[in-house]
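Just below is one structure, and these are the notes that go with it.
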Amino acid sequence: MKILTIGGGAREHAAIEALARCDVEIYAVMKNTNPGIKARAKKILNCGESDVDTICDFAIENQIEYAFVGPEAPLSAGVVDALENIGIKCASPTQAAARIETSKTFMRNLVQNHNIEGNLGFKSCETADEAIEYVKNAPYDFAVKPVGLTGGKGVKVMGDQLKTIDDAIDYINEIFDGNVGGGKVIIEEKAVGEEFTQMVFTNGSEIIPMPLVQDHKRAYEGDEGPNTGGMGSYSDADHLLPFVTEEDRAKALSIVESIVKALAEEGCPYRGTMYGQFMLTKDGPKIIEINARFGDPEAMNVLTLITSDFSEVIKWMSGGKIKNDVTFANKATVCKYIVPTGYGVRSESGHTITVDIDGIKNAGAIAYYGSIDEKEDGTLVTGTSRSIGVVGAGDTLEDAERNCEAALGYIKCDAIYIRHDIGTAALIQKRVDHMKQLRGQ
Ligand code: AMP
Ligand code: GLY
């Protein structure tokens, strides 16, 4: 089986490590030279990850049978549509189906029109004046979001990044003036609670759930600072989270399943990995966002745990049959991202980074390379995005966190930052207590 992967980040490296355990030949397209992906691929192509024509030429040249897309930008550029046109089976959504992520207005309207649970109040605004008028009299506390893609960094929430209505107005003007995320705005009701991620595999009609994960979007320890793509994440051995019950999880899964069904009814069936980001509120899970791909870092938690043949899952998502149940090890994982100093505001990139892979392995962890470029002489240099995800696994969260911390010591660079609080007992207890307080327990 010849499979083409698109993307050069840690999420894609994790997918490729899972595929490398199967009987496949990997061909990888990425803008950087990710050393982890390079080591596993039969052939790599360095080019823009949304450069559809170049990617199709590479696929034809190498007689690719299946493709899997990691990041959202190529999905938005229609890479799946183009690959399907030349007969390649894709385990990722078409441009039309990917609107579930690429347009927050499309997502909220779909959920509303199909009477799916978990929606929040929202107002899509075509002009700055309309958005400003709305926030001045909004019936709820709100989040201001560009409608299109912003790499996970475009959301500002009242009471967090926005302190006053004037801050919200300034941000609305900034989005329209700077054409941020397509230059349109959606105002959403602010949900209060604890966030969790429910990802599923889908073939367009059925879903296969993955373990729950909690990401940490804020840049600094104690959940302070700007929103980022995600600074780290954890998952528990029972595939729930310490503050999420079976019932909460069933509700989230039913919402994701209804969205898959709704997309099929709308004539744009969705195949691939679907990512549901939920806020668990006192009234149950509410939709924060739906993404058309694996979460990053969440992919690293679940793909470290997958015990099934991942290539079979890829085949099934692209329309084939599946022979066996998809299974994940009953272990806890803690992932901490090493990021360049200043990440989230202004990254300091171009620093040499050294990685002792054996040391990391012996510590009970695994490292997935992200925004790292391998130079011709083998030197590894940091890029502007998240550098390396380190995932510790263990029987308990405590073990997983300890293993992750031990492994981090085997990576050296003079301009990096890590949120060491992720996965610690103290931070997890804070989440549990917050949820108990909201539920009046
Ligand atoms: P997103 O990129 O949509 O996941 O948003 C980034 C972060 O902003 C989320 O992980 C939440 O912490 C926060 N956020 C987004 N939308 C809302 C909302 N409607 N209510 C409360 N917080 C939100
Ligand atoms: N971790 C959040 C995302 O991938 O969008």
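Here, A, B, ... name the chains of the structure tokens in the order displayed, residue numbers run from 1 inside each chain, and ligands are numbered from 1 in the same displayed order.
Every protein, DNA or RNA residue with an atom at most 12 Å from Gly267 (chain A), where only C-alpha atoms count and chain neighbours fewer than 6 positions away do not, is listed here: Thr94, Ala96, Ala97, Gly204, Val260 and Lys261 of chain A.
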Those selected residues, please, written with N, CA and C atoms and delivered as a PDB file, in the first residue's frame.
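File selection_2.pdb, as written:
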ATOM      1  N   THR A  94     -13.182  16.484   1.607  1.00  0.00           N
ATOM      2  CA  THR A  94     -13.140  17.408   0.472  1.00  0.00           C
ATOM      3  C   THR A  94     -13.243  18.845   0.977  1.00  0.00           C
ATOM      4  N   ALA A  96     -15.521  20.971   0.320  1.00  0.00           N
ATOM      5  CA  ALA A  96     -16.897  21.282   0.759  1.00  0.00           C
ATOM      6  C   ALA A  96     -17.149  20.726   2.157  1.00  0.00           C
ATOM      7  N   ALA A  97     -16.709  19.501   2.418  1.00  0.00           N
ATOM      8  CA  ALA A  97     -16.937  18.904   3.739  1.00  0.00           C
ATOM      9  C   ALA A  97     -16.082  19.594   4.805  1.00  0.00           C
ATOM     10  N   GLY A 204     -17.963   8.539   6.596  1.00  0.00           N
ATOM     11  CA  GLY A 204     -19.054   9.325   6.013  1.00  0.00           C
ATOM     12  C   GLY A 204     -20.407   8.934   6.571  1.00  0.00           C
ATOM     13  N   VAL A 260     -21.784  14.409  11.265  1.00  0.00           N
ATOM     14  CA  VAL A 260     -21.383  13.558  10.122  1.00  0.00           C
ATOM     15  C   VAL A 260     -22.622  13.273   9.257  1.00  0.00           C
ATOM     16  N   LYS A 261     -23.728  12.941   9.909  1.00  0.00           N
ATOM     17  CA  LYS A 261     -24.984  12.633   9.198  1.00  0.00           C
ATOM     18  C   LYS A 261     -25.492  13.866   8.451  1.00  0.00           C
TER      19      LYS A 261
END
Can you pull out every residue within 9 Å of Ser205 (chain A), counting only C-alpha atoms, but drop anything in the same chain fewer than 3 positions away, and send it as a short mmCIF file (atom, residue, chain, number, x, y, z; two decimals) with all heavy atoms, in the first residue's frame?
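Written out: around_31.cif:
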data_model
loop_
_atom_site.label_atom_id
_atom_site.label_comp_id
_atom_site.auth_asym_id
_atom_site.auth_seq_id
_atom_site.Cartn_x
_atom_site.Cartn_y
_atom_site.Cartn_z
N THR A 202 -14.19 8.59 10.65
CA THR A 202 -15.47 8.32 9.99
C THR A 202 -15.30 8.02 8.51
O THR A 202 -14.39 8.56 7.86
CB THR A 202 -16.49 9.47 10.21
OG1 THR A 202 -17.67 9.18 9.47
CG2 THR A 202 -15.95 10.81 9.76
N GLU A 257 -21.60 12.53 15.72
CA GLU A 257 -22.25 11.61 14.78
C GLU A 257 -23.35 12.34 14.00
O GLU A 257 -23.49 12.14 12.78
CB GLU A 257 -22.85 10.44 15.57
CG GLU A 257 -23.24 9.29 14.71
CD GLU A 257 -23.53 8.03 15.52
OE1 GLU A 257 -23.73 8.13 16.75
OE2 GLU A 257 -23.53 6.95 14.91
N VAL A 260 -21.78 14.41 11.27
CA VAL A 260 -21.38 13.56 10.12
C VAL A 260 -22.62 13.27 9.26
O VAL A 260 -22.59 13.39 8.03
CB VAL A 260 -20.74 12.24 10.63
CG1 VAL A 260 -20.58 11.23 9.50
CG2 VAL A 260 -19.38 12.54 11.27
N LYS A 261 -23.73 12.94 9.91
CA LYS A 261 -24.98 12.63 9.20
C LYS A 261 -25.49 13.87 8.45
O LYS A 261 -25.91 13.79 7.29
CB LYS A 261 -26.02 12.18 10.24
CG LYS A 261 -26.96 11.14 9.72
CD LYS A 261 -27.80 10.54 10.85
CE LYS A 261 -29.26 10.70 10.48
NZ LYS A 261 -30.14 11.03 11.58
N ALA A 264 -23.61 14.56 5.28
CA ALA A 264 -24.02 13.63 4.20
C ALA A 264 -25.35 14.12 3.61
O ALA A 264 -25.51 14.16 2.39
CB ALA A 264 -24.13 12.23 4.74
N PRO A 269 -20.64 14.50 1.88
CA PRO A 269 -20.24 13.48 2.86
C PRO A 269 -18.81 13.69 3.35
O PRO A 269 -17.94 14.06 2.57
CB PRO A 269 -20.39 12.16 2.10
CG PRO A 269 -20.51 12.52 0.67
CD PRO A 269 -21.01 13.93 0.60
N TYR A 270 -18.64 13.45 4.63
CA TYR A 270 -17.35 13.75 5.28
C TYR A 270 -16.61 12.45 5.57
O TYR A 270 -17.09 11.59 6.30
CB TYR A 270 -17.63 14.48 6.61
CG TYR A 270 -16.38 14.93 7.32
CD1 TYR A 270 -16.00 16.26 7.30
CD2 TYR A 270 -15.59 14.02 8.03
CE1 TYR A 270 -14.85 16.67 7.96
CE2 TYR A 270 -14.44 14.42 8.67
CZ TYR A 270 -14.07 15.75 8.64
OH TYR A 270 -12.94 16.16 9.28
N ARG A 271 -15.43 12.30 5.00
CA ARG A 271 -14.60 11.13 5.31
C ARG A 271 -13.29 11.61 5.93
O ARG A 271 -12.71 12.58 5.46
CB ARG A 271 -14.29 10.35 4.04
CG ARG A 271 -15.44 9.51 3.54
CD ARG A 271 -15.03 8.66 2.35
NE ARG A 271 -14.61 9.51 1.26
CZ ARG A 271 -15.44 10.09 0.38
NH1 ARG A 271 -16.73 9.90 0.49
NH2 ARG A 271 -14.98 10.86 -0.58
#
How close does each residue of chain A get to ligand 2, giving the shortest atom pair and distance in Å to one decimal for every residue with an atom at most 7 Å away, counting only C-alpha atoms and all ligand atoms, sorted by chain and residue number, as a tab-separated table?
residue	atom	partner	partner_atom_place_in_ligand_line	distance
A:Gly152	CA	ligand 2	5 (O)	5.7
A:Asp215	CA	ligand 2	1 (N)	5.9
A:Gly229	CA	ligand 2	2 (C)	5.4
A:Gly230	CA	ligand 2	1 (N)	4.8
A:Asn291	CA	ligand 2	5 (O)	6.6
A:Phe294	CA	ligand 2	4 (O)	6.5
A:Gly295	CA	ligand 2	4 (O)	3.3
A:Asp296	CA	ligand 2	4 (O)	4.0
A:Pro297	CA	ligand 2	1 (N)	5.4
A:Glu298	CA	ligand 2	1 (N)	6.1
Residues at most 12 Å from Asp238 (chain A), counting only C-alpha atoms, excluding those fewer than 4 positions away in the same chain, as a VMD selection string? chain A and resid 210 to 213 242 244 to 246 305 328 to 333 395 to 397
Based on the backbone DSSP call, show me all residues of region 26-130 of chain A assigned strand (DSSP E or B), as a list in words. Ile26, Tyr27, Ala28, Val29, Met30, Lys43, Ile44, Leu45, Asn46, Tyr66, Ala67, Phe68, Val69, Lys89, Cys90, Phe122, Lys123, Ser124 and Cys125 of chain A
Once you have the residues from the selection above, write them out as a PDB file, in the first residue's frame, restricted to N, CA and C atoms.
ATOM      1  N   ILE A  26       5.569   4.930   2.659  1.00  0.00           N
ATOM      2  CA  ILE A  26       5.127   6.297   2.935  1.00  0.00           C
ATOM      3  C   ILE A  26       5.835   7.292   2.016  1.00  0.00           C
ATOM      4  N   TYR A  27       5.041   8.155   1.402  1.00  0.00           N
ATOM      5  CA  TYR A  27       5.550   9.263   0.584  1.00  0.00           C
ATOM      6  C   TYR A  27       5.044  10.526   1.262  1.00  0.00           C
ATOM      7  N   ALA A  28       5.953  11.455   1.565  1.00  0.00           N
ATOM      8  CA  ALA A  28       5.544  12.587   2.399  1.00  0.00           C
ATOM      9  C   ALA A  28       5.813  13.928   1.718  1.00  0.00           C
ATOM     10  N   VAL A  29       4.800  14.790   1.772  1.00  0.00           N
ATOM     11  CA  VAL A  29       4.942  16.166   1.275  1.00  0.00           C
ATOM     12  C   VAL A  29       4.943  17.094   2.479  1.00  0.00           C
ATOM     13  N   MET A  30       5.919  17.996   2.529  1.00  0.00           N
ATOM     14  CA  MET A  30       5.969  18.960   3.652  1.00  0.00           C
ATOM     15  C   MET A  30       6.844  20.145   3.271  1.00  0.00           C
ATOM     16  N   LYS A  43      10.117   8.405   0.269  1.00  0.00           N
ATOM     17  CA  LYS A  43      10.487   9.580  -0.522  1.00  0.00           C
ATOM     18  C   LYS A  43       9.800  10.803   0.079  1.00  0.00           C
ATOM     19  N   ILE A  44      10.502  11.945   0.089  1.00  0.00           N
ATOM     20  CA  ILE A  44       9.842  13.172   0.549  1.00  0.00           C
ATOM     21  C   ILE A  44       9.888  14.228  -0.556  1.00  0.00           C
ATOM     22  N   LEU A  45       8.915  15.118  -0.507  1.00  0.00           N
ATOM     23  CA  LEU A  45       8.898  16.259  -1.425  1.00  0.00           C
ATOM     24  C   LEU A  45       8.737  17.511  -0.570  1.00  0.00           C
ATOM     25  N   ASN A  46       9.695  18.432  -0.688  1.00  0.00           N
ATOM     26  CA  ASN A  46       9.563  19.709   0.011  1.00  0.00           C
ATOM     27  C   ASN A  46       8.868  20.689  -0.915  1.00  0.00           C
ATOM     28  N   TYR A  66      -3.339   5.872  -1.765  1.00  0.00           N
ATOM     29  CA  TYR A  66      -4.124   6.502  -0.691  1.00  0.00           C
ATOM     30  C   TYR A  66      -3.437   7.798  -0.250  1.00  0.00           C
ATOM     31  N   ALA A  67      -4.249   8.741   0.228  1.00  0.00           N
ATOM     32  CA  ALA A  67      -3.659   9.978   0.761  1.00  0.00           C
ATOM     33  C   ALA A  67      -4.304  10.346   2.087  1.00  0.00           C
ATOM     34  N   PHE A  68      -3.509  10.992   2.910  1.00  0.00           N
ATOM     35  CA  PHE A  68      -3.967  11.440   4.227  1.00  0.00           C
ATOM     36  C   PHE A  68      -3.402  12.836   4.476  1.00  0.00           C
ATOM     37  N   VAL A  69      -4.303  13.785   4.780  1.00  0.00           N
ATOM     38  CA  VAL A  69      -3.883  15.181   4.933  1.00  0.00           C
ATOM     39  C   VAL A  69      -3.904  15.556   6.413  1.00  0.00           C
ATOM     40  N   LYS A  89      -7.483   7.536  -3.440  1.00  0.00           N
ATOM     41  CA  LYS A  89      -8.471   7.436  -2.359  1.00  0.00           C
ATOM     42  C   LYS A  89      -7.973   8.264  -1.167  1.00  0.00           C
ATOM     43  N   CYS A  90      -8.844   9.116  -0.647  1.00  0.00           N
ATOM     44  CA  CYS A  90      -8.397  10.020   0.422  1.00  0.00           C
ATOM     45  C   CYS A  90      -9.110   9.737   1.743  1.00  0.00           C
ATOM     46  N   PHE A 122     -25.125  32.592  18.508  1.00  0.00           N
ATOM     47  CA  PHE A 122     -24.102  33.161  17.627  1.00  0.00           C
ATOM     48  C   PHE A 122     -24.722  34.170  16.686  1.00  0.00           C
ATOM     49  N   LYS A 123     -23.841  35.027  16.156  1.00  0.00           N
ATOM     50  CA  LYS A 123     -24.274  36.009  15.170  1.00  0.00           C
ATOM     51  C   LYS A 123     -23.108  36.192  14.194  1.00  0.00           C
ATOM     52  N   SER A 124     -23.371  35.884  12.930  1.00  0.00           N
ATOM     53  CA  SER A 124     -22.347  36.072  11.899  1.00  0.00           C
ATOM     54  C   SER A 124     -22.468  37.469  11.349  1.00  0.00           C
ATOM     55  N   CYS A 125     -21.348  38.162  11.213  1.00  0.00           N
ATOM     56  CA  CYS A 125     -21.411  39.567  10.798  1.00  0.00           C
ATOM     57  C   CYS A 125     -20.579  39.801   9.545  1.00  0.00           C
TER      58      CYS A 125
END
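Using only C-alpha atoms, the smallest distance between any of A:Ala91, A:Leu110, A:Ile366, A:Ile60 and Leu75 (chain A) comes from A:Ala91.
Taking CA of Ile288 (chain A) and atom 16 (N, counted along the ligand's line) of ligand 1 as endpoints, the distance between them is 5.0 Å.
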Identify, counting only C-alpha atoms and all ligand atoms, the protein, DNA and RNA residues located within 6 Å of ligand 1, and give them as JSON, numbers by chain. {"A": [143, 152, 155, 188, 189, 190, 191, 217, 288, 289]}
Would you save the residues of that selection, restricted to N, CA, C and O atoms, as a PDB file, in the first residue's frame?
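selection06.pdb, freshly written:
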ATOM      1  N   ALA A 143     -17.523  35.454  22.694  1.00  0.00           N
ATOM      2  CA  ALA A 143     -16.190  35.284  22.100  1.00  0.00           C
ATOM      3  C   ALA A 143     -16.247  35.934  20.727  1.00  0.00           C
ATOM      4  O   ALA A 143     -17.268  35.848  20.052  1.00  0.00           O
ATOM      5  N   GLY A 152      -5.644  28.529  14.917  1.00  0.00           N
ATOM      6  CA  GLY A 152      -5.980  28.346  16.339  1.00  0.00           C
ATOM      7  C   GLY A 152      -5.667  29.562  17.195  1.00  0.00           C
ATOM      8  O   GLY A 152      -5.763  29.498  18.412  1.00  0.00           O
ATOM      9  N   VAL A 155      -9.061  33.511  18.302  1.00  0.00           N
ATOM     10  CA  VAL A 155     -10.227  33.692  19.180  1.00  0.00           C
ATOM     11  C   VAL A 155      -9.884  34.573  20.384  1.00  0.00           C
ATOM     12  O   VAL A 155      -8.862  34.364  21.036  1.00  0.00           O
ATOM     13  N   GLU A 188     -19.853  34.698  19.300  1.00  0.00           N
ATOM     14  CA  GLU A 188     -20.472  33.508  19.898  1.00  0.00           C
ATOM     15  C   GLU A 188     -20.696  33.701  21.387  1.00  0.00           C
ATOM     16  O   GLU A 188     -19.885  34.334  22.072  1.00  0.00           O
ATOM     17  N   GLU A 189     -21.754  33.102  21.869  1.00  0.00           N
ATOM     18  CA  GLU A 189     -22.016  33.068  23.305  1.00  0.00           C
ATOM     19  C   GLU A 189     -20.828  32.405  24.007  1.00  0.00           C
ATOM     20  O   GLU A 189     -20.298  31.402  23.517  1.00  0.00           O
ATOM     21  N   LYS A 190     -20.406  32.974  25.128  1.00  0.00           N
ATOM     22  CA  LYS A 190     -19.287  32.394  25.874  1.00  0.00           C
ATOM     23  C   LYS A 190     -19.784  31.203  26.699  1.00  0.00           C
ATOM     24  O   LYS A 190     -20.751  31.325  27.460  1.00  0.00           O
ATOM     25  N   ALA A 191     -19.142  30.073  26.534  1.00  0.00           N
ATOM     26  CA  ALA A 191     -19.492  28.887  27.321  1.00  0.00           C
ATOM     27  C   ALA A 191     -18.521  28.803  28.499  1.00  0.00           C
ATOM     28  O   ALA A 191     -17.324  29.036  28.336  1.00  0.00           O
ATOM     29  N   LYS A 217      -4.791  25.394  25.508  1.00  0.00           N
ATOM     30  CA  LYS A 217      -4.637  26.381  24.432  1.00  0.00           C
ATOM     31  C   LYS A 217      -3.820  27.605  24.841  1.00  0.00           C
ATOM     32  O   LYS A 217      -3.208  28.259  24.005  1.00  0.00           O
ATOM     33  N   ILE A 288     -17.505  24.012  20.880  1.00  0.00           N
ATOM     34  CA  ILE A 288     -16.613  25.172  20.743  1.00  0.00           C
ATOM     35  C   ILE A 288     -16.136  25.263  19.297  1.00  0.00           C
ATOM     36  O   ILE A 288     -16.180  26.301  18.678  1.00  0.00           O
ATOM     37  N   GLU A 289     -15.664  24.165  18.756  1.00  0.00           N
ATOM     38  CA  GLU A 289     -15.330  24.142  17.324  1.00  0.00           C
ATOM     39  C   GLU A 289     -15.292  22.710  16.838  1.00  0.00           C
ATOM     40  O   GLU A 289     -15.130  21.772  17.617  1.00  0.00           O
TER      41      GLU A 289
END
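Restricting the calculation to only C-alpha atoms, the smallest distance between Lys430 (chain A) and any of A:Glu194, A:Ala128, A:Asp177, A:Ile314 is found for A:Glu194.
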Neighbour list for Phe278 (chain A) as a list in words, cut-off 10 Å, only C-alpha atoms, skip fewer than 6 positions in-chain: Gly118, Ala191, Gly193, Glu194, Glu195, Phe196, Thr197, Gln198, Gln214, Ala252, Gly284, Pro285, Lys286, Ile287, Ile288, Glu289 and Ile290 of chain A
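The shortest atom-to-atom distance to Ile416 (chain A), with only C-alpha atoms taken into account, belongs to A:Glu348 out of A:Asp166, A:Glu401, A:Glu126, A:Glu348.
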Excluding Gln437 (chain A) and residues on its chain fewer than 4 positions from it, collect all residues at most 12 Å away from it, counting only C-alpha atoms, and give them as a VMD selection string. chain A and resid 192 to 194 243 281 to 282 430 to 433 441
